[in-house]
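Asker: Here it is, the structure in full.
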Amino acid sequence: MKTEATYCRLCESRCGLLAGLDNGQLVSLLPDKTDPISAGFICDTATQSIQALSDPTRITEPMKRVNGRLTPVDWDTAVSEIGQALREVRSKNGPASIGMYLGDSTQRSTRTLVRALAFGVGSGTPHIFSEQCMSAGPRLWAAEQMIGHPTPLVSDLGRAHYVLLLSGEQRDLGWGPHTAGMGHEAWIQHSRKTKSTKVIVADPRATELAGTMDGHLQIRPGTEAYLMLGMLSAIVKGGWVDAQFIRDYTVGYDKLETAIAQWTVENCAEICGIDAAEISGVALKFSRSAMSVIHPAAHTFNNEAGALGAWAWLTLHAITANILRPGGLYENRGAIDLFPILTQLATDKAPKTKATHQPLMLMQAPATALATEIRDGAVQALVTVSGNPVGTLPGPAQTRAALESLSLLVCIATHEDETSAHADWILPAAHSWERADLCLHDNGILPVKGTMWSAPLTTPRHQARAEETILSDIFGALRPGLRGGAWGKHFGLMGRFLARADLEQWEHRAFAWADDLDLDAIPEDQRRVVIGDSDRSTWRPSTDNERIQLLPEAISRRVRSPGQQITEGLYLRAGQALNRAPDAAHQDEKLHVLTARIHPDLGHKAGERIRLTTPHGSAVATVELDEALRPDVIDLPFVVGSEALDLLDPSAVDPLIGSPVFDGVTVNISTP
């Protein structure tokens, strides 16, 4: 057996691993203690992935649904017939009638993401739905409104003197979008010992991580935005700002003062369910520390004030001079500087979806608009790429009904799921361990300047192919014309070229142009290409006046609107993930049962079955008692395909970014 270095693409942490290979088969995965990002970490999802390669739900050959049953077909037939069906839809309803749905894992492969976007742009449709809106989207949107382009700003956790963590689950679930690796806790603990860094955790649960830090704000779920609005109010009213930074690098502070005046600390504290003094205390220390940072989790902005919260998050850093600087939020250029590309993808200049009129951010529409676009007839055919909208989006019944009304549904996936059950065609995709990856588009998320690449660890199972290959073949069969569509000629031609080009060749060229490095000359056992420490002092706003816009026009009205209504009762938290597993095949079967964490004071017993009811729906769950949880919270850790999605309203989305509402919904308990 030989050992090969690789990195994990199953979640956003990008952990370095050592793969054990025996006769071309993947037989073991171990943590790589020499990896500078993950520092020897491995999770259950990674180890479970070996079994997932041969799971009974694994899709191994192209399948066509005939008279309600799936029938195996050869690849040539599948590609030809799918291409013909797509041409018929386009001919009858126009290019915008073809939609795409990109799952979260698509964002972790440069080739898959580029090919999928090129497929959509090249075919002329604005309907490229993605799950970006459910994690990184609000952050990227806020950055674009304030800085000028949707740059992924990184939390400099290791150098900060004061840290506010907007979740206490990072130890088990990772540190969220744009913050890869699992070494952050060790770096924070080192800072606490060497420079007395203070760390506060805001979370409805008194997690183990929170217990090791310096303070805990036990806020209600979904109120992170109001916690930060309260901090803004306290800092502005108290004058705890960096006046020189505001004068030299920002615009609109006077408008910000007026807009934030209605958000009193007391009002925000009442919404959060904590004392006003707690918010004022955190605000004072955050503003007075030499270097401070607020670090959101993946689910932080999945609530009714998602975009508002993302704006407040960036604004707090801006008025205290903790943005685009060491110890706060900074922009990591990485091995490939994406600045020229990001500045060309302005949201306000992008096409919009036909029915919901949602603008596309980084060429992608929010996944939450999918059912409405189908129901209103804007989308007639859909191609999903490693995506499971039925098992991921709120209100699965509405999504199922929408998919059933399509003229054509093609699913490209590794495993059968809730969405593929409705597909006309199912095409087998290679697992991440079965394909090559060179990670270029998110190379800036790392705390070091570098990127990652990996050769296939094992051969694709049976007839499975890489997503980029499948999409290229289908695009060739679609044969889109040179005219029409939602995109201009420049983007359209580029999309048509990239939809069929040899992406591996272009990836290597891009890397060579960026830092004059030859990937072919890198030793085979080196899968993490580290060029050096990142530049934490990068300063590159791309606004017209090259200043940070403190109160963008898009957010101005939202700031002045009333806050969340406070009601007596229980609050639901359904956005926090149970684990890192992307699907059922990558997690233990016993975790598929819907479990509700509740405080013992609610009077229920462990193992008891209860019915949870919201204004939208109901679900039956098994009780798990948790003394660390707020007594007024029902915690339903998110699991793909979970009945918890039935409790959520699919129409409840943030109007600015389309992010769904998972946290903060009122819920009742009854006997099943």
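By order in the structure tokens, chains are A, B, ...; within a chain, residues start at 1; ligands start at 1, following the order shown.
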With the cut-off set at 8 Å and counting only C-alpha atoms, tabulate each residue of range 48-137 of chain A with an atom at most that distance from an atom of range 351-372 of chain A, showing the nearest atom pair and its distance in Å to one decimal, ordered by chain and increasing number, as CSV.
Answerer:
```
residue,atom,partner,partner_atom,distance
A:Tyr101,CA,A:Ala367,CA,7.3
A:Leu117,CA,A:Met363,CA,7.1
A:Pro126,CA,A:Thr353,CA,5.8
A:His127,CA,A:Thr353,CA,6.0
A:Ile128,CA,A:Gln364,CA,5.2
A:Phe129,CA,A:Ala365,CA,4.5
A:Ser130,CA,A:Ala367,CA,4.9
A:Glu131,CA,A:Ala367,CA,5.3
A:Gln132,CA,A:Pro366,CA,6.9
A:Cys133,CA,A:Pro366,CA,5.4
```
Asker: Save out the residues we just selected, N, CA and C atoms, as a PDB file, in the first residue's frame.
Answerer:
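Saved to out-v2.pdb:
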```pdb
ATOM      1  N   TYR A 101     -28.978  24.217 -11.812  1.00  0.00           N
ATOM      2  CA  TYR A 101     -28.957  24.290 -10.355  1.00  0.00           C
ATOM      3  C   TYR A 101     -27.631  23.717  -9.890  1.00  0.00           C
ATOM      4  N   LEU A 117     -20.911  27.418 -15.019  1.00  0.00           N
ATOM      5  CA  LEU A 117     -21.234  28.805 -15.349  1.00  0.00           C
ATOM      6  C   LEU A 117     -21.139  29.048 -16.854  1.00  0.00           C
ATOM      7  N   PRO A 126     -30.229  33.303 -17.823  1.00  0.00           N
ATOM      8  CA  PRO A 126     -29.853  33.931 -16.552  1.00  0.00           C
ATOM      9  C   PRO A 126     -30.158  33.021 -15.368  1.00  0.00           C
ATOM     10  N   HIS A 127     -30.777  31.877 -15.625  1.00  0.00           N
ATOM     11  CA  HIS A 127     -31.268  31.010 -14.558  1.00  0.00           C
ATOM     12  C   HIS A 127     -30.213  29.982 -14.155  1.00  0.00           C
ATOM     13  N   ILE A 128     -29.135  30.492 -13.551  1.00  0.00           N
ATOM     14  CA  ILE A 128     -28.070  29.630 -13.020  1.00  0.00           C
ATOM     15  C   ILE A 128     -28.190  29.693 -11.502  1.00  0.00           C
ATOM     16  N   PHE A 129     -29.046  28.856 -10.945  1.00  0.00           N
ATOM     17  CA  PHE A 129     -29.336  28.881  -9.517  1.00  0.00           C
ATOM     18  C   PHE A 129     -28.203  28.189  -8.752  1.00  0.00           C
ATOM     19  N   SER A 130     -27.844  28.757  -7.609  1.00  0.00           N
ATOM     20  CA  SER A 130     -26.822  28.108  -6.790  1.00  0.00           C
ATOM     21  C   SER A 130     -27.113  28.319  -5.315  1.00  0.00           C
ATOM     22  N   GLU A 131     -26.494  27.479  -4.487  1.00  0.00           N
ATOM     23  CA  GLU A 131     -26.662  27.552  -3.039  1.00  0.00           C
ATOM     24  C   GLU A 131     -25.695  28.540  -2.394  1.00  0.00           C
ATOM     25  N   GLN A 132     -25.072  29.380  -3.216  1.00  0.00           N
ATOM     26  CA  GLN A 132     -24.203  30.435  -2.707  1.00  0.00           C
ATOM     27  C   GLN A 132     -24.942  31.339  -1.725  1.00  0.00           C
ATOM     28  N   CYS A 133     -26.243  31.554  -1.976  1.00  0.00           N
ATOM     29  CA  CYS A 133     -27.034  32.451  -1.126  1.00  0.00           C
ATOM     30  C   CYS A 133     -27.213  31.905   0.282  1.00  0.00           C
TER      31      CYS A 133
END
```
Asker: Return as JSON lines the residues of range 224-258 of chain A lying at most 12 Å from range 153-168 of chain A, together with the closest atom-to-atom pair for each and the distance in Å to one decimal, counting only C-alpha atoms, with rows in chain order and ascending residue number.
Answerer:
```
{"residue": "A:Glu224", "atom": "CA", "partner": "A:Leu166", "partner_atom": "CA", "distance": 7.1}
{"residue": "A:Ala225", "atom": "CA", "partner": "A:Leu166", "partner_atom": "CA", "distance": 10.1}
{"residue": "A:Leu227", "atom": "CA", "partner": "A:Leu166", "partner_atom": "CA", "distance": 9.8}
{"residue": "A:Met228", "atom": "CA", "partner": "A:Leu166", "partner_atom": "CA", "distance": 10.1}
{"residue": "A:Met231", "atom": "CA", "partner": "A:Leu164", "partner_atom": "CA", "distance": 11.5}
```
Asker: Can I get the selection written as a PDB file, in the first residue's frame, with C-alpha atoms?
Answerer:
```
ATOM      1  CA  GLU A 224     -27.043  37.991  14.947  1.00  0.00           C
ATOM      2  CA  ALA A 225     -27.936  40.989  12.767  1.00  0.00           C
ATOM      3  CA  LEU A 227     -26.611  41.996  17.960  1.00  0.00           C
ATOM      4  CA  MET A 228     -24.378  43.795  15.473  1.00  0.00           C
ATOM      5  CA  MET A 231     -23.085  47.239  18.687  1.00  0.00           C
TER       6      MET A 231
END
```
Asker: Let me make sure I understand: among A:Pro480, A:Glu12, A:Arg247, A:Ala307, which one has the smallest atom-to-atom distance to Gly94 in chain A if we use only C-alpha atoms?
Answerer: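 Of A:Pro480, A:Glu12, A:Arg247, A:Ala307, the one nearest Gly94 in chain A, counting only C-alpha atoms, is A:Pro480.
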Asker: Using only C-alpha atoms, which residues sit within 6 Å of range 403-410 of chain A once same-chain residues fewer than 3 positions away are excluded, as a PDB file with C-alpha atoms, in the first residue's frame?
Answerer:
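And here is the file that came out, result.pdb:
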```
ATOM      1  CA  GLN A 380     -39.019  24.718 -18.524  1.00  0.00           C
ATOM      2  CA  ALA A 381     -35.931  22.474 -18.355  1.00  0.00           C
ATOM      3  CA  LEU A 382     -33.420  22.100 -15.538  1.00  0.00           C
ATOM      4  CA  VAL A 383     -29.949  20.558 -15.265  1.00  0.00           C
ATOM      5  CA  ARG A 400     -41.073  18.794  -5.627  1.00  0.00           C
ATOM      6  CA  ALA A 423     -35.479  13.205 -12.785  1.00  0.00           C
ATOM      7  CA  ASP A 424     -36.081  12.251 -16.408  1.00  0.00           C
ATOM      8  CA  TRP A 425     -32.373  11.580 -16.742  1.00  0.00           C
ATOM      9  CA  ILE A 426     -29.756  10.698 -14.101  1.00  0.00           C
TER      10      ILE A 426
END
```
Asker: Compare A:Gly183, A:Pro428, A:Pro394, A:Gly124 by their minimum atom-to-atom distance to Ser97 in chain A, counting only C-alpha atoms, and give me the closest one.
Answerer: A:Gly124
Asker: What are the DSSP helix (DSSP H, G or I) residues of range 106-154 of chain A, as a count of residues only?
Answerer: 32
Asker: Using the chain letters and numbers from this document, which residues of range 593-651 of chain A does DSSP assign to strand (DSSP E), as a list in words?
Answerer: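 Residues meeting the strand (DSSP E) criterion: Thr595, Ala596, Arg597, Ile598, Arg609, Ile610, Arg611, Leu612, Thr613, Ser618, Ala619, Val620, Ala621, Thr622, Val623, Glu624, Leu625, Val633, Ile634 and Asp635 of chain A.
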Asker: Can I get the selection written as a PDB file, in the first residue's frame, with N, CA and C atoms?
Answerer:
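New file part35.pdb:
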```pdb
ATOM      1  N   THR A 595     -33.936  14.872  15.083  1.00  0.00           N
ATOM      2  CA  THR A 595     -33.768  15.011  16.529  1.00  0.00           C
ATOM      3  C   THR A 595     -33.882  16.474  16.921  1.00  0.00           C
ATOM      4  N   ALA A 596     -34.699  16.741  17.924  1.00  0.00           N
ATOM      5  CA  ALA A 596     -34.890  18.106  18.414  1.00  0.00           C
ATOM      6  C   ALA A 596     -34.170  18.258  19.748  1.00  0.00           C
ATOM      7  N   ARG A 597     -33.195  19.139  19.799  1.00  0.00           N
ATOM      8  CA  ARG A 597     -32.532  19.457  21.061  1.00  0.00           C
ATOM      9  C   ARG A 597     -33.373  20.488  21.803  1.00  0.00           C
ATOM     10  N   ILE A 598     -33.715  20.189  23.036  1.00  0.00           N
ATOM     11  CA  ILE A 598     -34.492  21.135  23.833  1.00  0.00           C
ATOM     12  C   ILE A 598     -33.947  21.153  25.252  1.00  0.00           C
ATOM     13  N   ARG A 609     -41.229  11.421  21.595  1.00  0.00           N
ATOM     14  CA  ARG A 609     -41.589  11.924  20.275  1.00  0.00           C
ATOM     15  C   ARG A 609     -42.503  13.134  20.431  1.00  0.00           C
ATOM     16  N   ILE A 610     -42.186  14.218  19.751  1.00  0.00           N
ATOM     17  CA  ILE A 610     -42.971  15.444  19.828  1.00  0.00           C
ATOM     18  C   ILE A 610     -43.269  15.951  18.417  1.00  0.00           C
ATOM     19  N   ARG A 611     -44.356  16.701  18.315  1.00  0.00           N
ATOM     20  CA  ARG A 611     -44.682  17.346  17.044  1.00  0.00           C
ATOM     21  C   ARG A 611     -44.332  18.824  17.127  1.00  0.00           C
ATOM     22  N   LEU A 612     -43.579  19.296  16.153  1.00  0.00           N
ATOM     23  CA  LEU A 612     -43.196  20.703  16.067  1.00  0.00           C
ATOM     24  C   LEU A 612     -44.031  21.354  14.973  1.00  0.00           C
ATOM     25  N   THR A 613     -44.597  22.508  15.285  1.00  0.00           N
ATOM     26  CA  THR A 613     -45.479  23.185  14.334  1.00  0.00           C
ATOM     27  C   THR A 613     -45.081  24.655  14.215  1.00  0.00           C
ATOM     28  N   SER A 618     -45.458  21.241   9.822  1.00  0.00           N
ATOM     29  CA  SER A 618     -45.159  20.506  11.042  1.00  0.00           C
ATOM     30  C   SER A 618     -44.263  19.315  10.734  1.00  0.00           C
ATOM     31  N   ALA A 619     -43.626  18.790  11.780  1.00  0.00           N
ATOM     32  CA  ALA A 619     -42.761  17.625  11.655  1.00  0.00           C
ATOM     33  C   ALA A 619     -42.670  16.963  13.015  1.00  0.00           C
ATOM     34  N   VAL A 620     -42.466  15.646  13.022  1.00  0.00           N
ATOM     35  CA  VAL A 620     -42.328  14.893  14.264  1.00  0.00           C
ATOM     36  C   VAL A 620     -40.848  14.614  14.493  1.00  0.00           C
ATOM     37  N   ALA A 621     -40.381  14.862  15.735  1.00  0.00           N
ATOM     38  CA  ALA A 621     -38.968  14.695  16.057  1.00  0.00           C
ATOM     39  C   ALA A 621     -38.801  13.951  17.371  1.00  0.00           C
ATOM     40  N   THR A 622     -37.608  13.415  17.569  1.00  0.00           N
ATOM     41  CA  THR A 622     -37.253  12.743  18.813  1.00  0.00           C
ATOM     42  C   THR A 622     -36.493  13.711  19.715  1.00  0.00           C
ATOM     43  N   VAL A 623     -36.849  13.752  20.985  1.00  0.00           N
ATOM     44  CA  VAL A 623     -36.270  14.711  21.924  1.00  0.00           C
ATOM     45  C   VAL A 623     -34.861  14.292  22.349  1.00  0.00           C
ATOM     46  N   GLU A 624     -33.974  15.267  22.344  1.00  0.00           N
ATOM     47  CA  GLU A 624     -32.649  15.137  22.947  1.00  0.00           C
ATOM     48  C   GLU A 624     -32.492  16.294  23.921  1.00  0.00           C
ATOM     49  N   LEU A 625     -32.342  15.995  25.209  1.00  0.00           N
ATOM     50  CA  LEU A 625     -32.236  17.051  26.214  1.00  0.00           C
ATOM     51  C   LEU A 625     -30.852  17.687  26.175  1.00  0.00           C
ATOM     52  N   VAL A 633     -35.526  27.801  22.992  1.00  0.00           N
ATOM     53  CA  VAL A 633     -35.035  27.439  21.659  1.00  0.00           C
ATOM     54  C   VAL A 633     -35.264  25.959  21.376  1.00  0.00           C
ATOM     55  N   ILE A 634     -35.730  25.669  20.173  1.00  0.00           N
ATOM     56  CA  ILE A 634     -35.783  24.309  19.645  1.00  0.00           C
ATOM     57  C   ILE A 634     -34.688  24.213  18.589  1.00  0.00           C
ATOM     58  N   ASP A 635     -33.694  23.376  18.863  1.00  0.00           N
ATOM     59  CA  ASP A 635     -32.544  23.270  17.969  1.00  0.00           C
ATOM     60  C   ASP A 635     -32.689  22.016  17.104  1.00  0.00           C
TER      61      ASP A 635
END
```
Asker: When you count only C-alpha atoms, which of these residues is closest to Trp311 in chain A: A:Thr57, A:Gln145, A:Ser109, A:Thr614?
Answerer: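 Result for the nearest residue to Trp311 in chain A: A:Gln145.
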Asker: Would you please work out which residue, of A:Gly181, A:Gly488, A:Gly222, A:Gly252, is nearest to Thr125 in chain A when using only C-alpha atoms?
Answerer: A:Gly488
Asker: For Glu627 in chain A, which of A:Arg205, A:Leu324, A:Val114, A:Ala52 is the closest residue, counting only C-alpha atoms?
Answerer: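 Among the listed residues, the smallest separation from Glu627 in chain A belongs to A:Arg205.
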Asker: Expressed in Å to a single decimal, how great is the separation between CA of Ser123 in chain A and CA of Ile98 in chain A?
Answerer: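 Value for the CA of Ser123 in chain A-CA of Ile98 in chain A distance: 8.1 Å.
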Asker: So which residues touch Cys268 in chain A within 10 Å, counting only C-alpha atoms, skipping near sequence neighbours fewer than 3 positions away, as a VMD selection string?
Answerer: chain A and resid 223 to 231 233 263 to 265 271 to 276 279 563 to 564
Asker: How many Å separate CA of Asn23 in chain A from CA of Thr458 in chain A?
Answerer: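 Pair CA of Asn23 in chain A / CA of Thr458 in chain A returns 9.2 Å.
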Asker: Please identify all polymer residues within 10 Å of Ala85 in chain A, counting only C-alpha atoms, omitting same-chain residues fewer than 3 positions from it, and present them as a list in words.
Answerer: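 The residues satisfying every condition are Val79, Ser80, Glu81, Ile82, Glu88, Val89, Arg90, Ser91, Ala381, Ser407, Leu408, Ala477 and Leu478 of chain A.
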Asker: Write the residues you've just listed into a file as an mmCIF file, in the first residue's frame, and include N, CA and C atoms for each of them.
Answerer:
```cif
data_model
loop_
_atom_site.group_PDB
_atom_site.id
_atom_site.type_symbol
_atom_site.label_atom_id
_atom_site.label_comp_id
_atom_site.auth_asym_id
_atom_site.auth_seq_id
_atom_site.Cartn_x
_atom_site.Cartn_y
_atom_site.Cartn_z
ATOM 1 N N VAL A 79 -26.429 11.532 -24.028
ATOM 2 C CA VAL A 79 -26.022 12.883 -24.425
ATOM 3 C C VAL A 79 -26.823 13.367 -25.626
ATOM 4 N N SER A 80 -27.001 12.493 -26.606
ATOM 5 C CA SER A 80 -27.730 12.875 -27.818
ATOM 6 C C SER A 80 -29.184 13.219 -27.516
ATOM 7 N N GLU A 81 -29.854 12.374 -26.737
ATOM 8 C CA GLU A 81 -31.277 12.603 -26.469
ATOM 9 C C GLU A 81 -31.485 13.801 -25.545
ATOM 10 N N ILE A 82 -30.601 13.999 -24.561
ATOM 11 C CA ILE A 82 -30.714 15.169 -23.689
ATOM 12 C C ILE A 82 -30.490 16.445 -24.495
ATOM 13 N N GLU A 88 -35.248 21.408 -28.124
ATOM 14 C CA GLU A 88 -36.688 21.583 -28.316
ATOM 15 C C GLU A 88 -37.264 22.595 -27.335
ATOM 16 N N VAL A 89 -36.821 22.523 -26.080
ATOM 17 C CA VAL A 89 -37.287 23.492 -25.085
ATOM 18 C C VAL A 89 -36.840 24.896 -25.457
ATOM 19 N N ARG A 90 -35.577 25.019 -25.868
ATOM 20 C CA ARG A 90 -35.048 26.341 -26.236
ATOM 21 C C ARG A 90 -35.760 26.894 -27.459
ATOM 22 N N SER A 91 -36.021 26.037 -28.444
ATOM 23 C CA SER A 91 -36.679 26.492 -29.670
ATOM 24 C C SER A 91 -38.088 26.998 -29.389
ATOM 25 N N ALA A 381 -36.858 23.607 -18.450
ATOM 26 C CA ALA A 381 -35.931 22.474 -18.355
ATOM 27 C C ALA A 381 -34.845 22.834 -17.352
ATOM 28 N N SER A 407 -40.615 20.260 -18.170
ATOM 29 C CA SER A 407 -40.594 19.433 -19.376
ATOM 30 C C SER A 407 -39.427 18.464 -19.346
ATOM 31 N N LEU A 408 -38.338 18.864 -18.669
ATOM 32 C CA LEU A 408 -37.143 18.027 -18.636
ATOM 33 C C LEU A 408 -36.357 18.316 -17.368
ATOM 34 N N ALA A 477 -23.954 18.850 -27.609
ATOM 35 C CA ALA A 477 -25.196 18.343 -28.207
ATOM 36 C C ALA A 477 -26.282 19.409 -28.255
ATOM 37 N N LEU A 478 -26.230 20.373 -27.337
ATOM 38 C CA LEU A 478 -27.213 21.461 -27.322
ATOM 39 C C LEU A 478 -27.034 22.398 -28.505
#
```
Asker: Would you mind listing what lies within 10 Å of Glu185 in chain A as JSON, numbers by chain, with only C-alpha atoms counted and same-chain residues fewer than 6 positions away left out?
Answerer: {"A": [157, 158, 170, 171, 175, 191, 209]}
Asker: Hey, what's within 12 Å of Gly444 in chain A if we count only C-alpha atoms and toss same-chain stuff fewer than 6 positions away? As a list in words, please?
Answerer: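 Non-adjacent residues within range: Thr151, Pro152, Leu153, Val154, Ser155, Pro177, His178, Thr179, Ala180, Tyr330, Glu331, Asn332, Arg333, Gly334, Ala335, Ile336, Asp337, Leu338, Phe339, Gly450, Thr451, Met452, Val530, Asp533, Ser534, Asp535 and Arg536 of chain A.
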Asker: When you count only C-alpha atoms, which of these residues is closest to Ile50 in chain A: A:Asp32, A:Asp520, A:Glu434, A:Glu4?
Answerer: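 Residue with the minimum atom-to-atom distance to Ile50 in chain A: A:Glu434.
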Asker: Go ahead and compute the interatomic distance for CA of Ile531 in chain A and CA of Leu438 in chain A, in Å to one decimal.
Answerer: 15.3 Å
